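Structure file run.cif (mmCIF, C-alpha atoms) is printed below.
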```cif
data_my_file
#
loop_
_atom_site.label_atom_id
_atom_site.label_comp_id
_atom_site.auth_asym_id
_atom_site.auth_seq_id
_atom_site.Cartn_x
_atom_site.Cartn_y
_atom_site.Cartn_z
CA MET A 1 9.74 11.50 -11.16
CA PRO A 2 7.70 14.23 -9.51
CA HIS A 3 10.68 16.03 -8.03
CA ASP A 4 12.83 16.24 -11.13
CA HIS A 5 11.86 19.78 -12.11
CA HIS A 6 14.74 21.50 -10.40
CA ASP A 7 14.84 24.18 -13.07
CA HIS A 8 11.25 25.20 -12.27
CA LEU A 9 11.73 27.14 -9.09
CA SER A 10 9.81 30.23 -8.06
CA PRO A 11 11.77 33.41 -7.27
CA SER A 12 11.51 32.41 -3.60
CA GLY A 13 13.23 29.11 -4.35
CA HIS A 14 10.19 26.91 -3.86
CA PRO A 15 9.32 24.30 -6.47
CA TYR A 16 6.90 25.67 -9.04
CA ARG A 17 3.53 23.97 -9.12
CA GLU A 18 1.22 24.55 -12.00
CA ASP A 19 -2.22 25.98 -11.31
CA ASN A 20 -4.99 23.42 -11.57
CA ASP A 21 -6.60 25.10 -14.57
CA ALA A 22 -7.22 21.86 -16.46
CA PRO A 23 -10.85 20.87 -17.03
CA LEU A 24 -12.42 18.64 -14.41
CA SER A 25 -12.29 14.94 -15.12
CA TYR A 26 -15.47 12.91 -15.39
CA TRP A 27 -15.14 11.58 -11.82
CA GLN A 28 -14.25 14.97 -10.35
CA THR A 29 -17.42 16.36 -11.90
CA MET A 30 -19.39 13.39 -10.59
CA GLU A 31 -18.04 13.85 -7.05
CA ILE A 32 -18.96 17.53 -6.97
CA ALA A 33 -22.42 16.87 -8.42
CA ILE A 34 -23.25 14.14 -5.91
CA ARG A 35 -21.87 16.10 -2.97
CA GLU A 36 -23.91 19.17 -3.91
CA ILE A 37 -27.10 17.17 -4.39
CA MET A 38 -26.64 15.42 -1.03
CA ILE A 39 -26.07 18.76 0.70
CA GLU A 40 -29.14 20.29 -1.03
CA LYS A 41 -31.25 17.33 0.05
CA GLY A 42 -30.07 17.78 3.63
CA GLU A 43 -28.34 14.39 3.85
CA PHE A 44 -25.30 16.11 5.33
CA THR A 45 -23.73 19.54 5.50
CA ALA A 46 -20.54 20.86 3.92
CA ALA A 47 -19.15 21.24 7.44
CA GLU A 48 -19.76 17.55 8.11
CA VAL A 49 -17.93 16.58 4.90
CA ASN A 50 -15.01 18.74 5.95
CA ALA A 51 -15.04 17.34 9.48
CA GLN A 52 -14.83 13.82 8.07
CA ILE A 53 -11.88 14.75 5.83
CA GLU A 54 -10.14 16.32 8.82
CA ALA A 55 -10.78 13.19 10.89
CA MET A 56 -9.26 11.04 8.14
CA ASP A 57 -6.25 13.32 7.86
CA ALA A 58 -5.79 13.31 11.64
CA ARG A 59 -5.24 9.57 11.84
CA SER A 60 -1.57 8.77 12.01
CA PRO A 61 0.83 5.92 12.81
CA THR A 62 0.87 7.06 16.44
CA ASN A 63 -2.38 5.12 16.85
CA GLY A 64 -0.74 1.90 15.70
CA ALA A 65 2.36 2.66 17.79
CA LYS A 66 0.22 2.76 20.94
CA VAL A 67 -1.20 -0.65 20.06
CA VAL A 68 2.29 -2.10 19.49
CA ALA A 69 3.72 -0.58 22.68
CA ARG A 70 0.87 -2.02 24.72
CA ALA A 71 1.36 -5.46 23.14
CA TRP A 72 5.06 -5.33 24.06
CA ASP A 73 4.22 -4.37 27.63
CA GLU A 74 1.17 -6.51 28.38
CA PRO A 75 1.35 -10.22 27.44
CA ASP A 76 -2.41 -10.64 27.87
CA PHE A 77 -3.10 -7.80 25.46
CA LYS A 78 -0.60 -9.20 22.97
CA ALA A 79 -2.36 -12.57 23.06
CA ALA A 80 -5.73 -10.84 22.56
CA LEU A 81 -4.35 -8.74 19.68
CA LEU A 82 -2.93 -11.76 17.86
CA ALA A 83 -6.15 -13.72 18.43
CA ASP A 84 -8.55 -10.99 17.29
CA GLY A 85 -6.98 -7.73 16.15
CA SER A 86 -10.30 -6.00 15.49
CA LYS A 87 -11.67 -6.68 18.97
CA ALA A 88 -8.46 -5.83 20.82
CA THR A 89 -7.99 -2.47 19.08
CA ARG A 90 -11.68 -1.59 19.32
CA GLU A 91 -11.46 -2.11 23.07
CA MET A 92 -8.57 0.37 23.11
CA GLY A 93 -10.96 2.94 21.71
CA PHE A 94 -9.81 3.02 18.09
CA ASP A 95 -12.72 3.46 15.74
CA ILE A 96 -11.89 0.68 13.34
CA GLY A 97 -15.22 0.85 11.51
CA PRO A 98 -16.04 -2.15 9.34
CA MET A 99 -12.36 -3.02 9.09
CA ASN A 100 -11.11 -6.42 10.28
CA LEU A 101 -7.61 -6.42 11.64
CA VAL A 102 -5.08 -9.22 11.64
CA ALA A 103 -1.89 -8.59 13.62
CA VAL A 104 1.16 -10.65 12.65
CA GLU A 105 4.14 -10.95 14.95
CA ASN A 106 7.79 -10.62 14.09
CA THR A 107 10.05 -12.93 16.08
CA GLU A 108 13.72 -13.90 15.94
CA ASP A 109 12.88 -16.38 13.19
CA ILE A 110 10.03 -14.68 11.32
CA HIS A 111 9.69 -11.35 9.55
CA ASN A 112 6.31 -10.24 8.21
CA VAL A 113 5.61 -7.68 5.50
CA ILE A 114 2.29 -6.36 4.20
CA VAL A 115 1.26 -5.60 0.63
CA CYS A 116 -1.97 -5.25 -1.31
CA THR A 117 -1.33 -6.44 -4.86
CA LEU A 118 -4.86 -5.75 -6.09
CA CYS A 119 -5.19 -2.15 -4.92
CA SER A 120 -3.90 -0.40 -1.81
CA CYS A 121 -5.71 -1.85 1.23
CA TYR A 122 -4.09 -0.39 4.33
CA PRO A 123 -5.06 -0.14 8.02
CA ARG A 124 -5.81 3.58 7.80
CA ASN A 125 -7.51 3.67 11.17
CA LEU A 126 -4.26 2.71 12.86
CA LEU A 127 -1.64 4.05 10.43
CA GLY A 128 -3.30 7.01 8.71
CA LEU A 129 -2.99 7.52 4.97
CA PRO A 130 -0.69 5.07 3.16
CA PRO A 131 2.64 6.29 1.81
CA ASP A 132 2.69 6.84 -1.95
CA TRP A 133 5.15 3.99 -2.54
CA TYR A 134 2.74 1.51 -0.94
CA LYS A 135 0.33 2.14 -3.80
CA THR A 136 2.86 1.85 -6.63
CA ARG A 137 2.84 -1.07 -9.05
CA GLU A 138 6.52 -1.55 -8.26
CA TYR A 139 6.01 -2.20 -4.54
CA ARG A 140 2.83 -4.24 -5.12
CA SER A 141 4.31 -6.51 -7.78
CA ARG A 142 7.82 -6.94 -6.42
CA THR A 143 6.97 -7.55 -2.75
CA VAL A 144 5.19 -10.83 -3.49
CA ARG A 145 7.97 -12.04 -5.80
CA GLU A 146 11.23 -10.76 -4.32
CA PRO A 147 10.42 -9.54 -0.81
CA ARG A 148 13.98 -9.87 0.45
CA LYS A 149 15.31 -7.61 -2.28
CA VAL A 150 12.56 -5.06 -1.64
CA LEU A 151 13.24 -5.13 2.12
CA ALA A 152 16.97 -4.69 1.50
CA GLU A 153 16.17 -1.53 -0.46
CA PHE A 154 14.34 -0.30 2.63
CA GLY A 155 17.45 -1.09 4.67
CA VAL A 156 16.18 -4.33 6.18
CA GLU A 157 18.57 -7.21 5.48
CA LEU A 158 16.97 -10.49 6.50
CA PRO A 159 19.34 -13.26 7.62
CA GLU A 160 19.08 -16.56 5.74
CA THR A 161 17.77 -18.15 8.92
CA THR A 162 14.77 -15.79 9.08
CA THR A 163 11.60 -16.86 7.32
CA CYS A 164 9.95 -14.05 5.40
CA ARG A 165 6.15 -14.07 5.45
CA VAL A 166 4.43 -11.82 2.93
CA HIS A 167 0.76 -11.02 3.51
CA ASP A 168 -1.28 -10.02 0.46
CA SER A 169 -4.27 -8.05 1.71
CA THR A 170 -6.61 -9.39 -0.98
CA ALA A 171 -10.07 -9.14 0.59
CA ASP A 172 -11.68 -8.05 3.85
CA MET A 173 -8.73 -8.07 6.25
CA ARG A 174 -6.30 -5.32 7.06
CA TYR A 175 -2.89 -6.11 8.52
CA ILE A 176 -0.50 -4.65 11.03
CA VAL A 177 2.93 -6.04 11.80
CA LEU A 178 3.79 -6.36 15.46
CA PRO A 179 7.52 -5.63 15.25
CA ALA A 180 10.02 -7.31 17.57
CA ARG A 181 10.64 -5.34 20.76
CA PRO A 182 14.11 -3.80 20.69
CA LYS A 183 16.58 -5.08 23.24
CA GLY A 184 17.52 -2.72 26.04
CA THR A 185 13.99 -1.45 26.62
CA GLU A 186 13.20 -3.46 29.74
CA GLY A 187 11.15 -1.43 32.19
CA TRP A 188 10.24 1.26 29.66
CA SER A 189 6.79 2.86 29.83
CA GLN A 190 4.35 2.29 26.99
CA GLN A 191 4.73 5.94 26.05
CA GLN A 192 8.50 5.54 25.72
CA LEU A 193 8.11 2.30 23.80
CA ALA A 194 5.64 3.85 21.35
CA GLU A 195 8.29 6.35 20.27
CA LEU A 196 10.34 3.48 18.86
CA VAL A 197 7.51 2.23 16.62
CA THR A 198 7.63 3.66 13.12
CA ARG A 199 5.03 3.43 10.37
CA ASP A 200 7.33 1.24 8.28
CA ALA A 201 7.92 -1.10 11.23
CA MET A 202 4.16 -1.73 11.25
CA ILE A 203 4.06 -2.35 7.47
CA GLY A 204 7.09 -4.61 7.79
CA THR A 205 9.38 -2.56 5.56
CA GLY A 206 11.22 -1.37 8.66
CA LEU A 207 12.15 -2.44 12.17
CA ALA A 208 11.41 -0.74 15.46
CA LYS A 209 14.05 1.85 16.33
CA ASP A 210 16.85 0.91 18.66
CA PRO A 211 16.82 2.75 21.99
CA GLY A 212 19.44 5.35 22.53
CA MET B 1 -21.98 -25.05 -5.17
CA GLY B 2 -23.79 -25.96 -1.96
CA PRO B 3 -22.53 -25.34 1.54
CA ARG B 4 -19.67 -27.56 2.57
CA LYS B 5 -17.74 -28.40 5.64
CA MET B 6 -15.53 -25.68 7.03
CA LEU B 7 -11.91 -26.07 6.01
CA GLU B 8 -9.42 -26.62 8.81
CA PRO B 9 -6.03 -24.99 9.37
CA GLY B 10 -3.27 -27.08 7.80
CA GLN B 11 -5.58 -28.58 5.17
CA ALA B 12 -4.07 -28.72 1.68
CA VAL B 13 -5.97 -26.80 -0.99
CA ARG B 14 -5.66 -25.68 -4.58
CA ILE B 15 -6.88 -22.34 -5.89
CA ARG B 16 -9.14 -22.65 -8.90
CA ASP B 17 -7.60 -21.56 -12.17
CA LEU B 18 -10.49 -19.54 -13.53
CA SER B 19 -10.59 -16.19 -15.28
CA PRO B 20 -14.11 -14.81 -14.96
CA PRO B 21 -14.75 -11.16 -15.81
CA GLY B 22 -15.61 -8.64 -13.11
CA HIS B 23 -14.40 -7.62 -9.67
CA ILE B 24 -12.32 -10.60 -8.51
CA ARG B 25 -10.34 -10.65 -5.26
CA THR B 26 -8.28 -13.74 -6.14
CA PRO B 27 -5.03 -12.50 -7.70
CA LYS B 28 -4.01 -14.13 -10.97
CA TYR B 29 -0.62 -15.21 -9.60
CA LEU B 30 -2.32 -17.52 -7.06
CA ARG B 31 -4.70 -19.28 -9.44
CA GLY B 32 -3.88 -22.96 -9.93
CA LYS B 33 -1.45 -22.91 -6.99
CA THR B 34 -1.52 -25.20 -3.97
CA GLY B 35 -1.25 -24.07 -0.39
CA VAL B 36 -2.60 -24.80 3.07
CA ILE B 37 -5.36 -23.17 5.08
CA GLU B 38 -3.77 -20.82 7.62
CA ARG B 39 -7.01 -19.86 9.37
CA ALA B 40 -10.70 -19.39 8.74
CA LEU B 41 -11.79 -15.75 8.86
CA GLY B 42 -15.55 -16.16 8.88
CA PRO B 43 -18.33 -15.40 6.42
CA TYR B 44 -18.25 -12.20 4.34
CA GLU B 45 -20.48 -10.90 1.59
CA ASN B 46 -19.08 -12.00 -1.76
CA PRO B 47 -17.31 -8.95 -3.22
CA GLU B 48 -17.87 -10.28 -6.74
CA GLN B 49 -21.52 -9.25 -6.35
CA ARG B 50 -21.20 -6.59 -3.68
CA ALA B 51 -18.97 -4.50 -5.97
CA TYR B 52 -21.95 -4.08 -8.30
CA CYS B 53 -24.55 -3.48 -5.56
CA LEU B 54 -26.08 -6.91 -6.32
CA PRO B 55 -27.40 -9.22 -3.60
CA ALA B 56 -24.17 -10.71 -2.24
CA PRO B 57 -24.53 -14.01 -0.38
CA GLU B 58 -22.02 -14.64 2.38
CA LYS B 59 -19.06 -16.87 1.59
CA GLN B 60 -16.47 -18.28 3.93
CA LEU B 61 -13.17 -16.45 3.69
CA TYR B 62 -9.87 -18.17 4.45
CA ARG B 63 -6.27 -17.19 4.73
CA VAL B 64 -4.28 -19.57 2.54
CA ARG B 65 -0.51 -19.92 2.90
CA PHE B 66 1.68 -20.68 -0.12
CA SER B 67 5.40 -21.34 -0.28
CA MET B 68 7.42 -19.03 -2.50
CA ALA B 69 8.76 -22.18 -4.21
CA GLU B 70 5.19 -23.09 -5.19
CA LEU B 71 4.48 -19.60 -6.55
CA TRP B 72 7.70 -18.82 -8.36
CA GLY B 73 9.57 -22.13 -8.80
CA ASP B 74 13.30 -21.71 -9.32
CA ALA B 75 12.89 -17.95 -9.50
CA ALA B 76 11.93 -17.80 -5.80
CA GLU B 77 14.45 -15.97 -3.61
CA THR B 78 14.00 -18.44 -0.74
CA GLY B 79 11.62 -21.29 -1.41
CA GLU B 80 10.64 -21.68 2.24
CA ASP B 81 9.45 -18.07 2.54
CA THR B 82 5.68 -17.81 2.43
CA LEU B 83 2.86 -15.75 1.07
CA ASP B 84 -0.53 -15.58 2.79
CA ALA B 85 -3.63 -14.29 1.01
CA GLU B 86 -7.36 -14.16 1.68
CA ILE B 87 -9.30 -16.46 -0.63
CA TYR B 88 -13.07 -17.00 -0.78
CA GLU B 89 -14.35 -20.56 -0.48
CA HIS B 90 -15.71 -20.75 -4.02
CA TRP B 91 -12.13 -20.33 -5.32
CA ILE B 92 -10.81 -23.24 -3.26
CA ASP B 93 -10.62 -26.89 -4.32
CA THR B 94 -9.80 -29.54 -1.76
CA ASP B 95 -9.81 -32.70 -3.86
CA ALA B 96 -7.11 -31.73 -6.36
CA ALA B 97 -4.59 -30.61 -3.75
#
```
Output the structure of this file as C-alpha cells.
Amino acid sequence: MPHDHHDHLSPSGHPYREDNDAPLSYWQTMEIAIREIMIEKGEFTAAEVNAQIEAMDARSPTNGAKVVARAWDEPDFKAALLADGSKATREMGFDIGPMNLVAVENTEDIHNVIVCTLCSCYPRNLLGLPPDWYKTREYRSRTVREPRKVLAEFGVELPETTTCRVHDSTADMRYIVLPARPKGTEGWSQQQLAELVTRDAMIGTGLAKDPG
Amino acid sequence: MGPRKMLEPGQAVRIRDLSPPGHIRTPKYLRGKTGVIERALGPYENPEQRAYCLPAPEKQLYRVRFSMAELWGDAAETGEDTLDAEIYEHWIDTDAA
C-alpha cells in the first residue's frame, strides 16, 4: 500500500517521497512533444493549458450537492432531473460538455450505486476528480458481483427489503445518485441541504448525512 | 444488420455472446445474458470505430437491466437485485430472449 513506508520519514516527520528522477515513459514523452508542438503552432498557449487544468481541479462534489439539494426542494426540478439529467443540470449552469447524465433516485425501497467496470467513467463535471478507490480493480469487479458486501465495507448496510440497483457506466452515460432526503430537514434552505450531500452519497457508496 | 424497430422498455433481450477484438463497450460478464430494456438513450457514434478515429455510424444505445440471479446464479447475494448497463443495439438479440 502507498502509505506503508512509515520508516521513511523526513527529519521534519513528513513522509519521504522519492524525487521523480526516473526516465520519462513513452506516453509522458509523447504528451510533452504534442503539447510543445501545439503551442509552437499557436493552437493554444501554455497559460490556456494551465487554465484548463485549474478548471478541472476546481470542480468538486459541491456542484453535485447543489443539484441534489435543489431536487429535494423543488419537485418540478426533481422530475426534470430524473427525466433528462443532462438538460436539467445544463440549465443550472453546469458546463457538462458532451457528457450525458442519468440521475437515479434512492427511495425507501431502492438503493442505487454507480461503478464503471471497463474503466473509470465518472461525472467529473458534477463531482470533480474520482476517488482513487473508484478506479481500482477491486471496486470495479466486486461492486457488480457483491454490491451489498462492498456497501457494508463503506458503512452502508442495506436491509433485506431494499432492492440494490447497480449501474455499470459502460458507454456514453454518466450517473449521479439522488440520495434520499434525510428526515428532520423540513423547511431547510437549499444551501443547508447541500451541506448534507457527500460525494459518496452521490456515487451510492454513502448516504446523505443526518441533520444535527 | 439493417435498421430495425426501436426496442421498448420492458422488452426481453439477450446480449450477444461474441468476442471480437478491439475497443468493446459490452463487458464480458454480460455477454450471453438475458435482461430487459430499461430505457432507450438515443443514437450515439459507435465507439468500436470511434476509438480508432474511423467513420463511426450512429447506433441506438439502450440501458438493459439484468437480475443478479441471471448474472451470477446461486452465487448472487440477492437474486432480485439488479444491474443496469448501456448496450449498443448491435449487441442485442430480441428473438432468443
Quick one: residues within 12 Å of stretch 57-62 of chain B, all atoms listed in the file counted, chain neighbours fewer than 5 positions away excluded, as a compact mmCIF listing (two decimals) with C-alpha atoms, in the coordinates of the input?
```txt
# COMPACT_ATOMS: atom_id res chain seq x y z
CA SER A 169 -4.27 -8.05 1.71
CA THR A 170 -6.61 -9.39 -0.98
CA ALA A 171 -10.07 -9.14 0.59
CA ASP A 172 -11.68 -8.05 3.85
CA MET A 173 -8.73 -8.07 6.25
CA MET B 1 -21.98 -25.05 -5.17
CA GLY B 2 -23.79 -25.96 -1.96
CA PRO B 3 -22.53 -25.34 1.54
CA ARG B 4 -19.67 -27.56 2.57
CA LYS B 5 -17.74 -28.40 5.64
CA MET B 6 -15.53 -25.68 7.03
CA LEU B 7 -11.91 -26.07 6.01
CA GLU B 8 -9.42 -26.62 8.81
CA PRO B 9 -6.03 -24.99 9.37
CA GLY B 10 -3.27 -27.08 7.80
CA GLN B 11 -5.58 -28.58 5.17
CA VAL B 13 -5.97 -26.80 -0.99
CA ILE B 15 -6.88 -22.34 -5.89
CA ARG B 25 -10.34 -10.65 -5.26
CA THR B 26 -8.28 -13.74 -6.14
CA GLY B 35 -1.25 -24.07 -0.39
CA VAL B 36 -2.60 -24.80 3.07
CA ILE B 37 -5.36 -23.17 5.08
CA GLU B 38 -3.77 -20.82 7.62
CA ARG B 39 -7.01 -19.86 9.37
CA ALA B 40 -10.70 -19.39 8.74
CA LEU B 41 -11.79 -15.75 8.86
CA GLY B 42 -15.55 -16.16 8.88
CA PRO B 43 -18.33 -15.40 6.42
CA TYR B 44 -18.25 -12.20 4.34
CA GLU B 45 -20.48 -10.90 1.59
CA ASN B 46 -19.08 -12.00 -1.76
CA PRO B 47 -17.31 -8.95 -3.22
CA GLU B 48 -17.87 -10.28 -6.74
CA GLN B 49 -21.52 -9.25 -6.35
CA ARG B 50 -21.20 -6.59 -3.68
CA ASP B 84 -0.53 -15.58 2.79
CA ALA B 85 -3.63 -14.29 1.01
CA GLU B 86 -7.36 -14.16 1.68
CA ILE B 87 -9.30 -16.46 -0.63
CA TYR B 88 -13.07 -17.00 -0.78
CA GLU B 89 -14.35 -20.56 -0.48
CA HIS B 90 -15.71 -20.75 -4.02
CA TRP B 91 -12.13 -20.33 -5.32
CA ILE B 92 -10.81 -23.24 -3.26
```
| request: Name every residue that the PyMOL selection byres ((chain A) within 12 of (chain B)) selects in this structure, writing the answer as JSON, numbers by chain with chains first and numbers rising. | output: {"A": [83, 84, 85, 86, 98, 99, 100, 101, 102, 104, 109, 110, 111, 112, 113, 114, 115, 116, 117, 118, 119, 121, 140, 141, 142, 143, 144, 145, 146, 147, 148, 149, 150, 158, 159, 160, 161, 162, 163, 164, 165, 166, 167, 168, 169, 170, 171, 172, 173, 174, 175]}
| field | d(atom CA of A:Ala55, atom CA of A:Ile32) in Å | value |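 About the pair atom CA of A:Ala55 and atom CA of A:Ile32: they are 20.1 Å apart.
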| Which value, in Å to one decimal, gives the distance between atom CA of A:Pro130 and atom CA of A:Lys209? |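 Calculated distance between atom CA of A:Pro130 and atom CA of A:Lys209 is 20.0 Å.
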| task | List the neighbours of stretch 49-52 of chain A out to 12 Å using all atoms listed in the file; skip same-chain residues closer than 4 positions along the sequence, and give me the result as an MDAnalysis selection string. | result | chainID A and resid 32 35:36 38:39 43:45 56:59
When the PyMOL selection byres ((chain A and resi 208) around 9) is applied to the structure above, which residues does it catch, written out as a PDB file with C-alpha atoms, in the coordinates of the input?
```
ATOM      1  CA  PRO A 179       7.520  -5.630  15.250  1.00  0.00           C
ATOM      2  CA  ALA A 180      10.020  -7.310  17.570  1.00  0.00           C
ATOM      3  CA  ARG A 181      10.640  -5.340  20.760  1.00  0.00           C
ATOM      4  CA  PRO A 182      14.110  -3.800  20.690  1.00  0.00           C
ATOM      5  CA  LEU A 196      10.340   3.480  18.860  1.00  0.00           C
ATOM      6  CA  VAL A 197       7.510   2.230  16.620  1.00  0.00           C
ATOM      7  CA  THR A 198       7.630   3.660  13.120  1.00  0.00           C
ATOM      8  CA  ASP A 200       7.330   1.240   8.280  1.00  0.00           C
ATOM      9  CA  ALA A 201       7.920  -1.100  11.230  1.00  0.00           C
ATOM     10  CA  MET A 202       4.160  -1.730  11.250  1.00  0.00           C
ATOM     11  CA  GLY A 206      11.220  -1.370   8.660  1.00  0.00           C
ATOM     12  CA  LEU A 207      12.150  -2.440  12.170  1.00  0.00           C
ATOM     13  CA  LYS A 209      14.050   1.850  16.330  1.00  0.00           C
ATOM     14  CA  ASP A 210      16.850   0.910  18.660  1.00  0.00           C
TER      15      ASP A 210
END
```
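When the PyMOL selection byres ((chain A and resi 90-94) around 8) is evaluated on the file shown here, the picked residues come out as A:Asn63, A:Ser86, A:Lys87, A:Ala88, A:Thr89, A:Asp95, A:Ile96, A:Asn125, A:Leu126.
Separating atom CA of A:Asn106 from atom CA of A:Arg70 is a distance of 15.3 Å.
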| said: Taking only C-alpha atoms into account, name the residue in A:Glu153, A:Glu18, A:Glu54, A:Asp73 that is nearest to A:Glu186. | reply: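 Looking at the shortest contact to A:Glu186, the residue is A:Asp73.
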Please fill the gaps in stretch 25-33 of chain B so it has all heavy atoms, and write that as a PDB file, in the coordinates of the input.
```pdb
ATOM      1  N   ARG B  25     -11.344 -10.909  -6.298  1.00  0.00           N
ATOM      2  CA  ARG B  25     -10.340 -10.650  -5.260  1.00  0.00           C
ATOM      3  C   ARG B  25      -9.314 -11.783  -5.154  1.00  0.00           C
ATOM      4  O   ARG B  25      -8.566 -11.839  -4.184  1.00  0.00           O
ATOM      5  CB  ARG B  25     -11.021 -10.444  -3.892  1.00  0.00           C
ATOM      6  CG  ARG B  25     -12.056  -9.345  -3.833  1.00  0.00           C
ATOM      7  CD  ARG B  25     -11.563  -7.983  -4.228  1.00  0.00           C
ATOM      8  NE  ARG B  25     -10.414  -7.505  -3.472  1.00  0.00           N
ATOM      9  CZ  ARG B  25      -9.842  -6.312  -3.661  1.00  0.00           C
ATOM     10  NH1 ARG B  25     -10.301  -5.496  -4.591  1.00  0.00           N
ATOM     11  NH2 ARG B  25      -8.808  -5.947  -2.944  1.00  0.00           N
ATOM     12  N   THR B  26      -9.299 -12.681  -6.117  1.00  0.00           N
ATOM     13  CA  THR B  26      -8.280 -13.740  -6.140  1.00  0.00           C
ATOM     14  C   THR B  26      -7.236 -13.352  -7.171  1.00  0.00           C
ATOM     15  O   THR B  26      -7.515 -13.381  -8.368  1.00  0.00           O
ATOM     16  CB  THR B  26      -8.900 -15.094  -6.528  1.00  0.00           C
ATOM     17  OG1 THR B  26      -9.960 -15.390  -5.614  1.00  0.00           O
ATOM     18  CG2 THR B  26      -7.870 -16.197  -6.472  1.00  0.00           C
ATOM     19  N   PRO B  27      -6.032 -12.966  -6.725  1.00  0.00           N
ATOM     20  CA  PRO B  27      -5.030 -12.500  -7.700  1.00  0.00           C
ATOM     21  C   PRO B  27      -4.658 -13.612  -8.682  1.00  0.00           C
ATOM     22  O   PRO B  27      -4.626 -14.784  -8.326  1.00  0.00           O
ATOM     23  CB  PRO B  27      -3.825 -12.134  -6.833  1.00  0.00           C
ATOM     24  CG  PRO B  27      -4.318 -12.058  -5.431  1.00  0.00           C
ATOM     25  CD  PRO B  27      -5.524 -12.944  -5.349  1.00  0.00           C
ATOM     26  N   LYS B  28      -4.374 -13.206  -9.895  1.00  0.00           N
ATOM     27  CA  LYS B  28      -4.010 -14.130 -10.970  1.00  0.00           C
ATOM     28  C   LYS B  28      -2.829 -15.020 -10.576  1.00  0.00           C
ATOM     29  O   LYS B  28      -2.793 -16.196 -10.906  1.00  0.00           O
ATOM     30  CB  LYS B  28      -3.685 -13.302 -12.214  1.00  0.00           C
ATOM     31  CG  LYS B  28      -3.358 -14.104 -13.440  1.00  0.00           C
ATOM     32  CD  LYS B  28      -4.597 -14.555 -14.167  1.00  0.00           C
ATOM     33  CE  LYS B  28      -4.211 -15.341 -15.421  1.00  0.00           C
ATOM     34  NZ  LYS B  28      -5.349 -16.079 -15.962  1.00  0.00           N
ATOM     35  N   TYR B  29      -1.857 -14.449  -9.866  1.00  0.00           N
ATOM     36  CA  TYR B  29      -0.620 -15.210  -9.600  1.00  0.00           C
ATOM     37  C   TYR B  29      -0.846 -16.357  -8.621  1.00  0.00           C
ATOM     38  O   TYR B  29       0.031 -17.187  -8.440  1.00  0.00           O
ATOM     39  CB  TYR B  29       0.508 -14.280  -9.126  1.00  0.00           C
ATOM     40  CG  TYR B  29       0.400 -13.757  -7.709  1.00  0.00           C
ATOM     41  CD1 TYR B  29       1.044 -14.399  -6.655  1.00  0.00           C
ATOM     42  CD2 TYR B  29      -0.333 -12.620  -7.419  1.00  0.00           C
ATOM     43  CE1 TYR B  29       0.960 -13.919  -5.357  1.00  0.00           C
ATOM     44  CE2 TYR B  29      -0.428 -12.132  -6.131  1.00  0.00           C
ATOM     45  CZ  TYR B  29       0.218 -12.783  -5.103  1.00  0.00           C
ATOM     46  OH  TYR B  29       0.129 -12.308  -3.813  1.00  0.00           O
ATOM     47  N   LEU B  30      -2.025 -16.421  -7.989  1.00  0.00           N
ATOM     48  CA  LEU B  30      -2.320 -17.520  -7.060  1.00  0.00           C
ATOM     49  C   LEU B  30      -3.200 -18.597  -7.684  1.00  0.00           C
ATOM     50  O   LEU B  30      -3.369 -19.671  -7.116  1.00  0.00           O
ATOM     51  CB  LEU B  30      -3.002 -16.969  -5.801  1.00  0.00           C
ATOM     52  CG  LEU B  30      -2.160 -15.985  -4.983  1.00  0.00           C
ATOM     53  CD1 LEU B  30      -2.969 -15.470  -3.794  1.00  0.00           C
ATOM     54  CD2 LEU B  30      -0.874 -16.658  -4.499  1.00  0.00           C
ATOM     55  N   ARG B  31      -3.767 -18.316  -8.850  1.00  0.00           N
ATOM     56  CA  ARG B  31      -4.700 -19.280  -9.440  1.00  0.00           C
ATOM     57  C   ARG B  31      -3.958 -20.521  -9.917  1.00  0.00           C
ATOM     58  O   ARG B  31      -2.919 -20.413 -10.572  1.00  0.00           O
ATOM     59  CB  ARG B  31      -5.480 -18.625 -10.580  1.00  0.00           C
ATOM     60  CG  ARG B  31      -6.291 -17.430 -10.083  1.00  0.00           C
ATOM     61  CD  ARG B  31      -7.073 -16.762 -11.192  1.00  0.00           C
ATOM     62  NE  ARG B  31      -7.453 -15.397 -10.789  1.00  0.00           N
ATOM     63  CZ  ARG B  31      -7.937 -14.484 -11.609  1.00  0.00           C
ATOM     64  NH1 ARG B  31      -8.115 -14.774 -12.889  1.00  0.00           N
ATOM     65  NH2 ARG B  31      -8.234 -13.271 -11.161  1.00  0.00           N
ATOM     66  N   GLY B  32      -4.511 -21.686  -9.570  1.00  0.00           N
ATOM     67  CA  GLY B  32      -3.880 -22.960  -9.930  1.00  0.00           C
ATOM     68  C   GLY B  32      -2.807 -23.404  -8.944  1.00  0.00           C
ATOM     69  O   GLY B  32      -2.249 -24.484  -9.098  1.00  0.00           O
ATOM     70  N   LYS B  33      -2.535 -22.581  -7.928  1.00  0.00           N
ATOM     71  CA  LYS B  33      -1.450 -22.910  -6.990  1.00  0.00           C
ATOM     72  C   LYS B  33      -2.003 -23.656  -5.771  1.00  0.00           C
ATOM     73  O   LYS B  33      -3.157 -23.469  -5.379  1.00  0.00           O
ATOM     74  CB  LYS B  33      -0.763 -21.629  -6.521  1.00  0.00           C
ATOM     75  CG  LYS B  33      -0.201 -20.774  -7.649  1.00  0.00           C
ATOM     76  CD  LYS B  33       0.917 -21.475  -8.401  1.00  0.00           C
ATOM     77  CE  LYS B  33       1.522 -20.539  -9.451  1.00  0.00           C
ATOM     78  NZ  LYS B  33       2.491 -21.234 -10.293  1.00  0.00           N
TER      79      LYS B  33
END
```
